[in-house]
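Quick notes on the structure that follows.
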Amino acid sequence: MDFMFLGIVIFLFVLAAFDLYVGVSNDAVNFLNSAIGSKAARFKTLVIIASIGVFAGCVLSNGMMDIARHGIFTPEYFSFREVMLIFMAVMVTDIVLLDVFNTFGMPTSTTVSMVFELLGASFAFVVIKNAVGAMPGLGFDDYLNTSKALEVIMGIFLSVPIAFVVGSFVQYITRIIFTFNIKSRLTWKIGLFGGVALTAIIYFMLFKGLKDLSFMSKDVKAYIADHIGLLLGCCLVVTTVLMQLLHALRVNVFKVVVLCGTLALATAFAGNDLVNFIGVPLAGFSSFQDFSLNAGGAAPSDFMMNSLADSAHTPFYFLVSAGAIMVFALATSKKARRVVQTEVGLSRSDEGEEMFGSSRAARSLVRWGNAVGRTVVKYTPAAVGQFIDHRFKRPVEAEEDGAAYDLLRASVNLVTASLLIALGTSLKLPLSTTFVTFMVAMGSSLADRAWSRESAVFRITGVLTVVGGWFLTAGVAFTSCFLVATLMNFGGMPAIIILVALAIYAIIHSQRRYAKKQKEEKNGDMLFTEMLSTNNRPAIVAMLTRHLDVSTSEALHTYAAALRETVDGLKTENLRGLRRNARSLERMLRELKNLRRRETICLRRTDGIKAVAVMTPFHLTHNALRQQLYGLRRINEPALEHVDNHFTPIPSASLESFEHLTNTFTNLMEETAEALRHQQFDDIEGLMEKVETIKTQIKGLRSEVLTVIQSQRSNLNAQTLLLHLIQETEQLCVEFRHTIKGLQRFHQTGLMNY
């Protein structure tokens, strides 16, 4: 029996290594987003600085892991077997849940996930114990610390609005003071700004980053609490003078603030959130030691875990090992960069690809915001409005080095987040680091007028999606862990081995699939990235020509597949396939809009006069592609309605004729797509002849259907639908022809002008 639980302890530490890796990938957004978004330093430099903070936070942590030991459940009412299964269920659920969020690039809270996983697993055993009457007289409140879960939920409610409003207000005031033309307005302001910023960061470190580190004894904490005003005052004076001197020596003070803030947040993250990753395995290890030494022959199901009620310190070698894994994850995880890109993408100032679509809630909020804005403008004195608009006037040139936003906003993000977290900690408010850093960044981007009318609805949709994911984390973590714990309880060791194996396989498979997807996206975006990084206008046109060929090729491939699926779904009355195709067409439309926006941004980088001649066939090509997509939707929708209403199917002979015709057309689309992909797009006349042949066949089939409709014995619904499909297919041929002609003109115009 001891051997079985020793295996569970080993499993716990193996899972802890995976959890550290995926956990850091998710929480990297907390301390890297501002530095990466502002390009305060090279990415490698930022990783080194953050790694120093992470490793220092781990090694210097005193390792208080009480939340995993007795923060959620009352250990004296749970047996050794029960707590070990609880810990196993938590670890299996946690690594899979966090990896799913990382894959989608969604930042979430590791604290929320751990708390609700512990609550879900514990609740499963409480239900089982009450069902068998194991401990009569005890209720749920005796077994579980539900107040902790309510505290976490309260943390979400408090963190989201407070951080957003404060971030907006601080950024608005700061931008009015400094404007976007920062370099010309730093004579004396920069010293005071840098002093206030570094003092805020130091305050944050005292209350959040360093409060649980090994050298922070009770006497040191008491001295800091009694003299906090004096200490911060001295820090303000010293840092203000130091920042002014650095500015005089031509050192960029904003970069100093951003890098110091990154280091501080990384240290605090590792020192405080380490429990989220290794607290559960260490509690399991402590439980195993207690059982091995003190059980005295008692069965695992009879030995109660009173020892977990005491606090425990983590051995130093565990802290060093955890720090090493976290640093490795920070340096190598591609998913960490994906999570950071989500926050940076939602707060950037420049144009680019929007990561999220539009939602009804976002559209309502934008409409309400515009109405409020008009009301405020109406009652604001004209002189005040002109002054504010002048202070927010953005320079014509793009952000330095292609940064998503400037160093001033990055500094505000870090300082405001640090202050809010420190204040929340000192006032014992349950503010989440993840929630605060993310919402401050969103608030500052709104105040900085980074959300234009063209992008606001997409940005708000993204924010609502992320915030909704936080609440989803709690529910999914609780439910999933409840089910896993129940399976482990009734399935025993075989169930544990299977679930652990499935979890590890899911992580490895996810990493491989994600790496493959990233490689495909990188190959597809390579030309786009090159276009944005060069100032050679002829080269931009040449690369854009290639990019348009490739994107059109991919579009034609997907259009052909969509048309085939519609005809096949109608033929086999496959309602599910038709619905799936409808969703796919909606997604294609969003992707096509995004693609046109990205390619237009690249086209803007060419010569203004010559570009006009190139832009005409470019937009004609895209318009034709969009019209084809609309035509596919007009074909799929009535076919879906016909099958969904269980109407009489189209006669097989007529449908087979139509299917033969569409197969000929889709084969031509795929043939053209392959020619575009391999740069063999030269036989335009031969292609046009094939299109005309298909159109002639369509006209013949349409005449046949019209003749049948005149017959009194024909089914009107079926024949009318077939006529509609034939007419829309004919229009597809017309738009396909326009696409090819537009591409041909784009090639010719680009060569002539560049």
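Labels for the structure tokens follow display order: chains A, B, ..., residues from 1 in each chain, ligands from 1.
Residues in contact with stretch 557-559 of chain A at 9 Å, where only C-alpha atoms are counted and same-chain residues fewer than 6 positions away are skipped, are listed as Leu585, Met588, Gln628, Leu629, Leu632, Thr666, Met669, Glu670, Ala673 and Glu674 of chain A.
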Output the selection as a PDB file, in the first residue's frame - N, CA and C atoms for each residue.
```
ATOM      1  N   LEU A 585     -18.443  29.207 -43.391  1.00  0.00           N
ATOM      2  CA  LEU A 585     -18.529  30.360 -44.288  1.00  0.00           C
ATOM      3  C   LEU A 585     -18.499  31.670 -43.514  1.00  0.00           C
ATOM      4  N   MET A 588     -14.928  32.201 -42.668  1.00  0.00           N
ATOM      5  CA  MET A 588     -14.179  32.623 -43.860  1.00  0.00           C
ATOM      6  C   MET A 588     -14.357  34.116 -44.124  1.00  0.00           C
ATOM      7  N   GLN A 628     -17.913  36.040 -54.175  1.00  0.00           N
ATOM      8  CA  GLN A 628     -17.990  34.578 -54.260  1.00  0.00           C
ATOM      9  C   GLN A 628     -18.403  33.984 -52.920  1.00  0.00           C
ATOM     10  N   LEU A 629     -17.873  34.548 -51.859  1.00  0.00           N
ATOM     11  CA  LEU A 629     -18.215  34.057 -50.523  1.00  0.00           C
ATOM     12  C   LEU A 629     -19.689  34.307 -50.213  1.00  0.00           C
ATOM     13  N   LEU A 632     -21.672  31.730 -52.057  1.00  0.00           N
ATOM     14  CA  LEU A 632     -21.662  30.424 -51.389  1.00  0.00           C
ATOM     15  C   LEU A 632     -22.634  30.401 -50.218  1.00  0.00           C
ATOM     16  N   THR A 666     -15.691  23.327 -59.483  1.00  0.00           N
ATOM     17  CA  THR A 666     -14.774  23.273 -58.331  1.00  0.00           C
ATOM     18  C   THR A 666     -13.412  22.718 -58.740  1.00  0.00           C
ATOM     19  N   MET A 669     -11.609  25.602 -60.089  1.00  0.00           N
ATOM     20  CA  MET A 669     -11.152  26.480 -59.006  1.00  0.00           C
ATOM     21  C   MET A 669      -9.882  25.927 -58.361  1.00  0.00           C
ATOM     22  N   GLU A 670      -9.857  24.633 -58.111  1.00  0.00           N
ATOM     23  CA  GLU A 670      -8.683  24.034 -57.482  1.00  0.00           C
ATOM     24  C   GLU A 670      -7.483  24.010 -58.432  1.00  0.00           C
ATOM     25  N   ALA A 673      -6.167  27.445 -58.269  1.00  0.00           N
ATOM     26  CA  ALA A 673      -5.507  27.660 -56.979  1.00  0.00           C
ATOM     27  C   ALA A 673      -4.104  27.077 -56.971  1.00  0.00           C
ATOM     28  N   GLU A 674      -3.955  25.881 -57.518  1.00  0.00           N
ATOM     29  CA  GLU A 674      -2.631  25.261 -57.576  1.00  0.00           C
ATOM     30  C   GLU A 674      -1.691  26.045 -58.488  1.00  0.00           C
TER      31      GLU A 674
END
```
Polymer residues at most 12 Å from stretch 737-743 of chain A, only C-alpha atoms, same-chain spacing of 4 or more positions, as a PyMOL selection string: chain A and resi 544-553+555-556+614-628+665+668-669+672-673+675-676+681-692+694-695+730-733+747-750
Could you write out, as a ChimeraX atom specification, all the residues of stretch 281-403 of chain A that DSSP marks as helix (DSSP H, G or I)? /A:281-294,306-309,316-332,334-347,360-379,382-391,400-402
Tell me, as number ranges by chain, which residues lie within 12 Å of A:Phe392, counting only C-alpha atoms; anything in the same chain fewer than 3 positions away does not count. A: 171-182, 385-389, 395, 447-450
Pick out the residues sitting within 7 Å of stretch 648-663 of chain A, and hand them over as number ranges by chain; count only C-alpha atoms, and ignore anything fewer than 6 positions along from it in its own chain. A: 567, 718-719
Would you mind exporting C-alpha atoms of the selected residues as a PDB file, in the first residue's frame?
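What landed in again_34.pdb:
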```pdb
ATOM      1  CA  VAL A 567     -24.151  19.981 -52.683  1.00  0.00           C
ATOM      2  CA  ALA A 718     -37.548  21.324 -55.007  1.00  0.00           C
ATOM      3  CA  GLN A 719     -37.379  22.745 -58.530  1.00  0.00           C
TER       4      GLN A 719
END
```
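Atom CA of A:Asn276 is positioned 15.9 Å from atom CA of A:Ser311.
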A:Leu15, A:Val126, A:Leu245, A:Ala422 ranked by distance to A:Trp188, top pick (using only C-alpha atoms): A:Leu245
Could I get the residues of stretch 114-134 of chain A with an atom no further than 9 Å from an atom of stretch 73-81 of chain A, each paired with its nearest atom pair and that distance in Å to one decimal, using only C-alpha atoms, sorted by chain and residue number, as a tab-separated table?
```
residue	atom	partner	partner_atom	distance
A:Leu118	CA	A:Phe73	CA	7.9
A:Leu119	CA	A:Phe73	CA	7.4
A:Ser122	CA	A:Phe73	CA	6.7
A:Phe123	CA	A:Phe73	CA	8.9
A:Phe125	CA	A:Phe78	CA	8.6
A:Val126	CA	A:Phe78	CA	9.0
```
Surrounding residues of A:Leu723 excluding itself and chain neighbours under 6 positions, 12 Å, only C-alpha atoms, as a PyMOL selection string: chain A and resi 635+638-639+650+654-655+658+698-709+716-717+729-730
Would you work out the distance separating atom CA of A:Phe55 from atom CA of A:Leu198, expressed in Å to one decimal?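 Computing the Euclidean distance for atom CA of A:Phe55 and atom CA of A:Leu198 yields 21.5 Å.
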List the spatial neighbours of A:Ile49 as a ChimeraX atom specification - criterion: any atom at most 9 Å away, only C-alpha atoms, same-chain residues fewer than 5 positions off excluded. /A:44,54,259-260,262-263,266
Measuring between only C-alpha atoms, which one of A:Leu563, A:Leu722, A:Met326, A:Leu502 shows the shortest distance to A:Ala582?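 So, comparing all the options, the nearest one is A:Leu563.
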